[in-house]
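Step one of this worksheet: look at the structure below.
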Amino acid sequence: MQIIRTIQEMQSISKQWAIHGKNIAFVPTMGALHEGHLELMKEAKKNADVCIVSIFVNPMQFAPNEDFSKYPRPIEKDMELCISVGVDCLFLPEAFEIYPDGFSTTVVVSRITEPFEGSSRKTHFQGVTTIVAKLLFATNPNAMYMGQKDYQQVLVLQKMVKDLNIDVEIVMVPTKRDADGLALSSRNKYLSSQERITALQIRKALLKGKELIENGEKSSEVIENEMITVLNSINGLKIDYCSVANANTLEKIMTFNGKKSVVLLIAAFVGSTRLIDNEVVVVF
Ligand code: AMP
């Protein structure tokens, strides 16, 4: 596995690959890799000739009160994991490489960034879109692999590449979960064993919502209230949002008329750890 630290070197390697007709897949991450990240890499490897992974804890997507400085950075272990799934190239830029002195450009996607994560974390998505645009220009991939776990992020980036004519396919990979249903997340490391049990309520609430929809419930309000009841049935969990939305636009849905793809979205604090999860349901 090649380890690359500069944008210039990354661009020259990916250009060479493109010249030689290689299909390039790219997986952007912030490290602290787990099986969820590895799923993305395995899918990428399956469908491409070469796979580039980036690890960069992006300061621009964290608010001052968030966990940027304490975000886990087990780089040696991350490298081993990348090698174990056959990653060809690990892009490991430093912050000064990505944001040199005088850096003053931001990529902003409007509307779809406003609800949910965008409402709770005001500057989060402009940090995400700016870094991903930069990483795409550095790695020049045919496809970028992202997790459904961050559902809104995938939609935001699909909108960005469409609006900016960036020629890359964005592939959404299903959320990888522990056996008990908890979505894998680098932030699960912050949870105590009691909090880990509390966090399971998020999955239970999503499955409750899904069951109601599949049994014909037509009112989003009823579904949201039932999900909230599940979340509130346990101490130590504070809801940030719990909503039913159009799976393509993230617009609010009042009632279900006809076939629709909907997404149930939850963000909640378990202790001081903020967790998100979602479930997509196709309504007939
Ligand atoms: P992060 O390192 O948290 O920025 O995540 C990097 C990528 O991994 C994003 O596309 C995430 O959506 C994806 N990811 C994180 N957790 C999971 C998971 N449990 N299953 C699938 N993909 C995930």
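Here, A, B, ... name the chains of the structure tokens in the order displayed, residue numbers run from 1 inside each chain, and ligands are numbered from 1 in the same displayed order.
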At a cut-off of 8 Å around ligand 1, and using only C-alpha atoms and all ligand atoms, what residues come up? Please write them as a PyMOL selection string. chain A and resi 27-37+39-40+55+57+145-151+153-154+172-177+183-186
Residue list (strand (DSSP E), DSSP) for stretch 77-192 of chain A, as a list in words: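 Listing strand (DSSP E) positions across stretch 77-192 of chain A yields Cys89, Leu90, Phe91, Ala143, Met144, Tyr145, Met146, Gly147, Glu169, Ile170, Val171, Met172 and Val173 of chain A.
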Computed interatomic separation between atom CA of A:Asp167 and atom CA of A:Met10 (Å):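 Separation of atom CA of A:Asp167 and atom CA of A:Met10: 17.8 Å.
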List as a Markdown table every residue of stretch 175-262 of chain A that is in contact with stretch 111-118 of chain A, defined as an atom at most 7 Å from one of its atoms (using only C-alpha atoms), together with the nearest atom pair and the distance in Å rounded to one decimal, sorted by chain and then rising number.
| residue | atom | partner | partner_atom | distance |
| --- | --- | --- | --- | --- |
| A:Tyr241 | CA | A:Phe116 | CA | 6.8 |
| A:Thr249 | CA | A:Ile112 | CA | 6.8 |
| A:Leu250 | CA | A:Ile112 | CA | 6.8 |
Stretch 117-196 of chain A residues near stretch 252-271 of chain A within 10 Å, closest pair each, using only C-alpha atoms, as CSV:
residue,atom,partner,partner_atom,distance
A:Glu117,CA,A:Ala267,CA,8.2
A:Ser120,CA,A:Ala267,CA,9.3
A:Asp150,CA,A:Leu265,CA,10.0
A:Tyr151,CA,A:Leu265,CA,8.6
A:Gln152,CA,A:Leu265,CA,9.2
A:Tyr190,CA,A:Gly271,CA,9.4
A:Leu191,CA,A:Val270,CA,7.8
A:Ser192,CA,A:Gly271,CA,9.0
A:Gln194,CA,A:Val270,CA,9.8
A:Glu195,CA,A:Val270,CA,6.2
A:Arg196,CA,A:Val270,CA,8.4
Could the residues in this selection be written to a file with all heavy atoms, as a compact mmCIF listing (two decimals), in the first residue's frame?
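Now in result.txt:
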# COMPACT_ATOMS: atom_id res chain seq x y z
N GLU A 117 -29.03 17.35 10.31
CA GLU A 117 -27.63 17.61 10.73
C GLU A 117 -27.26 19.08 10.53
O GLU A 117 -26.51 19.65 11.31
CB GLU A 117 -26.67 16.72 9.93
CG GLU A 117 -26.73 15.27 10.30
CD GLU A 117 -26.47 15.05 11.77
OE1 GLU A 117 -25.32 15.20 12.20
OE2 GLU A 117 -27.43 14.74 12.52
N SER A 120 -28.73 21.18 13.39
CA SER A 120 -28.07 20.98 14.69
C SER A 120 -26.61 21.39 14.65
O SER A 120 -26.04 21.74 15.68
CB SER A 120 -28.14 19.50 15.09
OG SER A 120 -29.48 19.11 15.20
N ASP A 150 -24.52 7.91 7.27
CA ASP A 150 -24.59 9.38 7.18
C ASP A 150 -25.45 9.72 5.96
O ASP A 150 -24.96 10.23 4.95
CB ASP A 150 -23.18 9.95 7.06
CG ASP A 150 -22.35 9.65 8.28
OD1 ASP A 150 -22.44 10.40 9.26
OD2 ASP A 150 -21.63 8.63 8.28
N TYR A 151 -26.74 9.42 6.09
CA TYR A 151 -27.64 9.46 4.93
C TYR A 151 -27.70 10.85 4.29
O TYR A 151 -27.58 11.01 3.08
CB TYR A 151 -29.05 9.02 5.38
CG TYR A 151 -30.00 8.83 4.23
CD1 TYR A 151 -29.97 7.66 3.49
CD2 TYR A 151 -30.88 9.83 3.86
CE1 TYR A 151 -30.82 7.49 2.40
CE2 TYR A 151 -31.74 9.67 2.79
CZ TYR A 151 -31.70 8.50 2.07
OH TYR A 151 -32.53 8.34 1.00
N GLN A 152 -27.89 11.86 5.14
CA GLN A 152 -28.00 13.23 4.60
C GLN A 152 -26.70 13.63 3.91
O GLN A 152 -26.72 14.29 2.86
CB GLN A 152 -28.34 14.21 5.73
CG GLN A 152 -28.63 15.62 5.24
CD GLN A 152 -29.05 16.55 6.36
OE1 GLN A 152 -28.91 16.21 7.54
NE2 GLN A 152 -29.59 17.71 6.02
N TYR A 190 -16.57 6.32 22.65
CA TYR A 190 -16.79 7.21 23.79
C TYR A 190 -17.78 6.64 24.79
O TYR A 190 -17.92 7.16 25.90
CB TYR A 190 -17.36 8.57 23.33
CG TYR A 190 -16.55 9.35 22.33
CD1 TYR A 190 -17.19 10.19 21.42
CD2 TYR A 190 -15.16 9.29 22.29
CE1 TYR A 190 -16.48 10.95 20.50
CE2 TYR A 190 -14.44 10.04 21.36
CZ TYR A 190 -15.10 10.86 20.47
OH TYR A 190 -14.41 11.61 19.56
N LEU A 191 -18.57 5.62 24.40
CA LEU A 191 -19.69 5.15 25.23
C LEU A 191 -19.20 4.24 26.37
O LEU A 191 -18.40 3.33 26.14
CB LEU A 191 -20.70 4.37 24.38
CG LEU A 191 -21.35 5.13 23.21
CD1 LEU A 191 -22.16 4.15 22.34
CD2 LEU A 191 -22.25 6.25 23.73
N SER A 192 -19.75 4.45 27.57
CA SER A 192 -19.52 3.49 28.66
C SER A 192 -20.38 2.25 28.36
O SER A 192 -21.25 2.29 27.47
CB SER A 192 -19.95 4.11 29.99
OG SER A 192 -21.36 4.27 29.98
N GLN A 194 -22.80 1.05 30.06
CA GLN A 194 -24.23 1.37 30.27
C GLN A 194 -24.77 2.21 29.11
O GLN A 194 -25.87 1.97 28.60
CB GLN A 194 -24.40 2.10 31.61
CG GLN A 194 -25.85 2.43 31.96
CD GLN A 194 -26.77 1.21 31.89
OE1 GLN A 194 -26.46 0.16 32.47
NE2 GLN A 194 -27.87 1.31 31.14
N GLU A 195 -23.97 3.18 28.67
CA GLU A 195 -24.41 4.04 27.56
C GLU A 195 -24.56 3.23 26.27
O GLU A 195 -25.44 3.51 25.45
CB GLU A 195 -23.39 5.17 27.35
CG GLU A 195 -23.45 6.23 28.43
CD GLU A 195 -22.31 7.25 28.34
OE1 GLU A 195 -21.27 6.95 27.71
OE2 GLU A 195 -22.46 8.33 28.92
N ARG A 196 -23.71 2.24 26.11
CA ARG A 196 -23.77 1.38 24.92
C ARG A 196 -25.14 0.69 24.86
O ARG A 196 -25.73 0.54 23.80
CB ARG A 196 -22.62 0.37 25.01
CG ARG A 196 -22.58 -0.72 23.97
CD ARG A 196 -21.71 -0.41 22.82
NE ARG A 196 -21.79 -1.38 21.73
CZ ARG A 196 -22.85 -2.04 21.31
NH1 ARG A 196 -24.00 -1.89 21.91
NH2 ARG A 196 -22.77 -2.85 20.29
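Among the candidates A:Leu206, A:Val107, A:Val50, A:Val230, the one nearest to A:Val244 when counting only C-alpha atoms is A:Leu206.
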